[in-house]
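Student: The structure follows.
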Amino acid sequence: MSFSNLLMKTGANGGLRSSQTAALALLNVSARQGHTLRGKPPGVARTLEQRLRDENVIDPEVTARINIGFPQLKPSRSAQLKERLEHLKAQRSSKELEQLARSNKLVIDLEKVQQAYVQTTGQHDLRLLADHYGIFEHLFGSAYFVPRVPLTIRYELDANTSSPVYNGNVIKPVEALKAPVVSFDGQLDPITGKTATEGDSYWTLLLTNPDAHYTNGEAECLHWFISNIPNGKLNEGEVLAEYLPPFPPKGVGYQRMVFVLYKQTARLDLSAHKVDDKDHVNLEKRNFSTLQFYRQHQDKLTPAGLAFYQSNWDESLTAFYHNVLQLKEPVFEYDFLKPYLADQKFFPLKQAFNLYMDKHRDIKQVNKEYLQRKLAQTHPFDGPEPALRFPNAHPIRDVPSWLRTEIRKRRLGTGRVQDY
């Protein structure tokens, strides 16, 4: 039964029977915009993501991430609400603040805002940023931690300027030639968030680069190692590896420099990881693995602080490689695959003839021809020929369409001729 007959029968009977309804539904499903559907229609068939998920089943217990950091003891919600209401009441009852606000003279102390941010959500945001940059994945595998002790790190360039380390900002190697100034509250209890007044606390600070090793993806380069730091006094700690500036080679892009602060249970003997002064610039002696280090000392060390930045090549590294590392400066280049070319056709339809033929020629020969053509129109003393005042006003006759387009591009100075 044709579709028109089906409609006529529908009008005569006043309604569709079940078989006719099914036939009409089949007509609507089997064709869409003139194309025949193969298999189940969209919305019913499984997506590629669903098929891959069914093929590669992952056990959630095996891939579950583990928090190896300190827990946080928070006050009750009633106590937090009470403190917040008391603060709002004090702010609203201050006549001085009201007068400053009405006269547009109220100044907000950004340092207090930063302190409040660090004490509330700043460290959780840092953990999310570290996940985004792959810090935990490449240092601790499936483990992670929430930083509880804020780190303040800056590279001093001169007496008045410095480059602080934010959450993944870019610091050039020329700015990081000297060891940074690191400060943190060494008496802070990472669990309660309060300052401890009794006893000494010891800390370990590590600076590693997970992107510096090119033959072993699991190895890192150890740039700085200070252990047994008493009460946050960095200059009194035991230096196991002197500071080594970042040295990202040319062509590899950005590399991550990661500071990790560990809280020690007591004073530790970590001399097995010491890098001798004579091997200070020996990169093989500075191979390091944060995961293995933590597994070896996880009963006595707990990560508590985190900071990182990015660095890429600059001109100062040429002298650093030759004079300090005493190595030939490596330069990396991308080796792109050749573009795919289908078999040549005898009649390439809807394609410019000259451009199609150039795809199957040696690119060096094509560039040579373009350069010769440009030099032929350039006088050695007077320069190139003057351009036409009205390029499109001059007719182009008795030439193929592809050549007419090419001549028009030359007159206007567009297309591939701009490369030379």
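Ligands are numbered from 1 in the order shown, chains are lettered A, B, ... in the order of the structure tokens, and residues start at 1 in each chain.
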Looking only at alpha helix (DSSP H) from DSSP on the backbone, list the matching residues of segment 115-333 of chain A as a ChimeraX atom specification.
Tutor: /A:115-117,123-132,135-140,290-297,316-319
Student: Could you list, as a list in words, every residue within 9 Å of Gly253 of chain A, counting only C-alpha atoms and ignoring same-chain residues fewer than 5 positions away?
Tutor: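 Surrounding residues, per the criterion: Pro248, Ser311, Asn312 and Trp313 of chain A.
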Student: With N, CA, C and O atoms retained, could you export that selection as a PDB file, in the first residue's frame?
Tutor:
```pdb
ATOM      1  N   PRO A 248      65.208  22.950  31.359  1.00  0.00           N
ATOM      2  CA  PRO A 248      64.418  22.316  30.281  1.00  0.00           C
ATOM      3  C   PRO A 248      65.061  22.535  28.925  1.00  0.00           C
ATOM      4  O   PRO A 248      65.355  23.676  28.549  1.00  0.00           O
ATOM      5  N   SER A 311      58.432  25.744  33.894  1.00  0.00           N
ATOM      6  CA  SER A 311      59.589  26.425  33.328  1.00  0.00           C
ATOM      7  C   SER A 311      59.854  25.870  31.941  1.00  0.00           C
ATOM      8  O   SER A 311      59.665  24.676  31.694  1.00  0.00           O
ATOM      9  N   ASN A 312      60.291  26.749  31.045  1.00  0.00           N
ATOM     10  CA  ASN A 312      60.649  26.321  29.691  1.00  0.00           C
ATOM     11  C   ASN A 312      61.968  26.981  29.285  1.00  0.00           C
ATOM     12  O   ASN A 312      62.507  27.827  29.999  1.00  0.00           O
ATOM     13  N   TRP A 313      62.470  26.608  28.136  1.00  0.00           N
ATOM     14  CA  TRP A 313      63.817  26.987  27.706  1.00  0.00           C
ATOM     15  C   TRP A 313      63.933  28.495  27.503  1.00  0.00           C
ATOM     16  O   TRP A 313      62.996  29.169  27.056  1.00  0.00           O
TER      17      TRP A 313
END
```
Student: Considering only C-alpha atoms, tabulate each residue of segment 296-359 of chain A that lies at most 12 Å from segment 111-123 of chain A along with its nearest interatomic pair and the corresponding distance in Å to one decimal; arrange the rows by chain and ascending residue number and present them as JSON lines.
Tutor:
```
{"residue": "A:Ala304", "atom": "CA", "partner": "A:Gln123", "partner_atom": "CA", "distance": 10.5}
{"residue": "A:Gly305", "atom": "CA", "partner": "A:Gln123", "partner_atom": "CA", "distance": 9.0}
{"residue": "A:Leu306", "atom": "CA", "partner": "A:Gln123", "partner_atom": "CA", "distance": 8.9}
{"residue": "A:Ala307", "atom": "CA", "partner": "A:Gln123", "partner_atom": "CA", "distance": 10.3}
```
Student: Would you please work out which residue, of A:Ala159, A:Leu139, A:Val182, A:Val258, is nearest to Tyr294 of chain A when using only C-alpha atoms?
Tutor: A:Leu139
Student: One decimal, Å: what's the distance from atom CA of Glu329 of chain A over to atom CA of Val170 of chain A, could you say?
Tutor: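 It comes out at 21.8 Å.
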Student: Please identify all polymer residues within 7 Å of Pro180 of chain A, counting only C-alpha atoms, omitting same-chain residues fewer than 3 positions from it, and present them as a list in words.
Tutor: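 After dropping sequence-adjacent residues, the list is Ile153, Arg154, Tyr155 and Glu156 of chain A.
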Student: Quick one: of A:Pro147, A:His273, A:Glu406, A:Asp189, who's nearest to Leu129 of chain A, counting only C-alpha atoms?
Tutor: A:Pro147
Student: When you look at segment 349-362 of chain A with a cut-off of 10 Å (counting only C-alpha atoms), what residues show up, excluding the ones that are within fewer than 2 positions of it in the same chain? I need them as a list in words.
Tutor: Pro339, Leu341, Ala342, Asp343, Gln344, Lys345, Phe346, Phe347, Lys364, Gln365, Val366, Asn367, Pro400, Ser401, Trp402, Leu403, Thr405 and Glu406 of chain A
Student: Considering only C-alpha atoms, can you say which of A:Cys221, A:Leu325, A:Arg404, A:Arg410 comes closest to Arg373 of chain A?
Tutor: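 Ranking A:Cys221, A:Leu325, A:Arg404, A:Arg410 by distance to Arg373 of chain A, first place goes to A:Arg410.
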Student: Would you list, as number ranges by chain, the residues of segment 105-305 of chain A that end up in strand (DSSP E) under DSSP run on this structure's backbone?
Tutor: A: 143-144, 152-156, 162-164, 167-170, 181-183, 202-209, 220-230, 238-241, 255-264, 287-288, 301-305
